[in-house]
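In what follows, a structure is listed as C-alpha cells, so that the remarks can point back to it.
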Amino acid sequence: MQSPLLVFLLAFFLLSGAEAGEIIGGHEAKPHSLPYMAYLHIKGEEESRCGGVLVGDNFVLTAAHCNGRSISVTLGAHNITKQEKTQEVILVKRAIPHPNYKERRSSSDIMLLQLERNVKQTYAVKPLQLPSGEDLPRTGDNCIVAGWGQVTTQGPYSDTLQEVELTLQKYVKCKTCFNYYNNNIELCVGNPRENKASFKGDSGGPLLCKNEIQGIASYGSKDGKPPVVYTKVASFLPWIRETMKGLQMQDPDDLLWN
C-alpha cells in the first residue's frame, strides 16, 4: 500500500509536468522526417521564434503574429542550436500577413513569407503541397503538430524538433475558453483531459491531418493546457494561391532555380 507521502509526491510531479510547454506530452521527432518544417528567427522590438511550413520553392506559411522587422528562416533543421549540414538559412524578402488579421482578436492569423531565393531541395528540405480543401478534418480526427516550442512555461525552448498527436475538438470547447473563437476560420485542437498541446514558440507551425496542412498554430491558454486554436488553412486557400501567384508574376526570375 502506498504511503500518503508517496501519493502526494506523485501528484506533485504530475501536476508540475502539466505546465511543460515543449510540444506538451510529445516526443522528439525523427530527424528530418518532416522536411517541410521551418524555424523562424524574428527580430522586432524583441527577438522571438516561430514555426512555419514550406509550401513552395520560396514560400513559407506561418502565423501573422509571427511578423517582425526582419525574419530569417532555417530549413532542414533538427537541432537548431547546431550547424547541421542539412540546414539552409534564408532571409525573408516579403512578409504578407492576411489583410483581415486583427492582433487583438487573433483573427485571420495567417501569413505568407516570400524568401529571398529558392530553396535547394534535398531529403531534408522539401515543400509540402497546399491541401485540396476537399477532405477537411472532422471532430475526433487525430493530427500531428510539431515545433521547437518552450520547454516550460518560463522557458527554455526545445533545441530539437518535437511532435505530438492531437485530436480535433468540437468548436464549443474553444468557444467556452476563448471569447473571439470563430469556427468558420479556426480549428479547435487538443483534448482538455489530455496533457498534450503546442505552446509558445510553436506558433505558425502546421497542423498535419492525413499528411495535409489543415491548420496553423495561432493561440491558446497561458498555462499551456489544451485546447489550442489553429487558423483553418482551407478557409484561406484562395488568398494563399492568389498571393503566391501574384508575387511570382512580380518576380518572374523566382520561378527559376537560383
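Convention: chains lettered A, B, ... in C-alpha cells order; per-chain residue numbering from 1; ligands numbered from 1 as shown.
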Picked from region 49-217 of chain A by DSSP as helix (DSSP H, G or I), as a PyMOL selection string: chain A and resi 64-66+171-177
Using N, CA and C atoms, can you export the residues from the last selection as a PDB file, in the first residue's frame?
```pdb
ATOM      1  N   ALA A  64       0.323  35.189 -38.688  1.00  0.00           N
ATOM      2  CA  ALA A  64       0.522  36.627 -38.890  1.00  0.00           C
ATOM      3  C   ALA A  64       1.167  37.289 -37.676  1.00  0.00           C
ATOM      4  N   HIS A  65       0.911  36.751 -36.482  1.00  0.00           N
ATOM      5  CA  HIS A  65       1.501  37.373 -35.292  1.00  0.00           C
ATOM      6  C   HIS A  65       2.994  37.064 -35.162  1.00  0.00           C
ATOM      7  N   CYS A  66       3.528  36.278 -36.098  1.00  0.00           N
ATOM      8  CA  CYS A  66       4.971  35.996 -36.129  1.00  0.00           C
ATOM      9  C   CYS A  66       5.736  37.022 -36.965  1.00  0.00           C
ATOM     10  N   TYR A 171     -16.254  22.679 -31.675  1.00  0.00           N
ATOM     11  CA  TYR A 171     -15.959  24.106 -31.574  1.00  0.00           C
ATOM     12  C   TYR A 171     -16.354  24.693 -30.223  1.00  0.00           C
ATOM     13  N   VAL A 172     -17.333  24.083 -29.538  1.00  0.00           N
ATOM     14  CA  VAL A 172     -17.787  24.633 -28.255  1.00  0.00           C
ATOM     15  C   VAL A 172     -16.687  24.585 -27.198  1.00  0.00           C
ATOM     16  N   LYS A 173     -15.744  23.644 -27.342  1.00  0.00           N
ATOM     17  CA  LYS A 173     -14.631  23.566 -26.389  1.00  0.00           C
ATOM     18  C   LYS A 173     -13.817  24.850 -26.410  1.00  0.00           C
ATOM     19  N   CYS A 174     -13.575  25.383 -27.615  1.00  0.00           N
ATOM     20  CA  CYS A 174     -12.798  26.615 -27.741  1.00  0.00           C
ATOM     21  C   CYS A 174     -13.676  27.846 -27.524  1.00  0.00           C
ATOM     22  N   LYS A 175     -14.932  27.755 -27.904  1.00  0.00           N
ATOM     23  CA  LYS A 175     -15.848  28.882 -27.704  1.00  0.00           C
ATOM     24  C   LYS A 175     -15.983  29.185 -26.221  1.00  0.00           C
ATOM     25  N   THR A 176     -15.919  28.141 -25.396  1.00  0.00           N
ATOM     26  CA  THR A 176     -16.007  28.317 -23.950  1.00  0.00           C
ATOM     27  C   THR A 176     -14.753  28.968 -23.380  1.00  0.00           C
ATOM     28  N   CYS A 177     -13.603  28.643 -23.968  1.00  0.00           N
ATOM     29  CA  CYS A 177     -12.317  29.127 -23.443  1.00  0.00           C
ATOM     30  C   CYS A 177     -11.901  30.476 -24.008  1.00  0.00           C
TER      31      CYS A 177
END
```
Compile the contact shell of Leu166 (chain A) as a short mmCIF file (atom, residue, chain, number, x, y, z; two decimals) with C-alpha atoms, in the first residue's frame: residues with an atom at most 6 Å away, counting only C-alpha atoms, same-chain residues fewer than 6 positions apart removed.
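The new file around.cif reads:
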```
data_model
loop_
_atom_site.label_atom_id
_atom_site.label_comp_id
_atom_site.auth_asym_id
_atom_site.auth_seq_id
_atom_site.Cartn_x
_atom_site.Cartn_y
_atom_site.Cartn_z
CA ASN A 142 -6.06 12.74 -34.94
CA CYS A 143 -3.50 15.15 -36.38
CA GLY A 190 -6.34 19.18 -28.22
#
```
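From CA of Val145 (chain A) back to CA of Leu130 (chain A), the distance works out to 16.1 Å.
The space separating CA of Leu247 (chain A) from CA of Lys232 (chain A) comes to 22.6 Å.
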Among listed residues A:Gln169, A:Ser106, A:Ser235, A:Gln121, nearest Leu54 (chain A) (using only C-alpha atoms): A:Gln121
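For the pair CA of Glu88 (chain A) and CA of Leu75 (chain A), the interatomic distance is 5.1 Å.
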Distance query Ile80 (chain A) at most 10 Å, only C-alpha atoms, self and fewer than 6 positions along chain excluded, as an MDAnalysis selection string: chainID A and resid 39 74 87 148 158:161
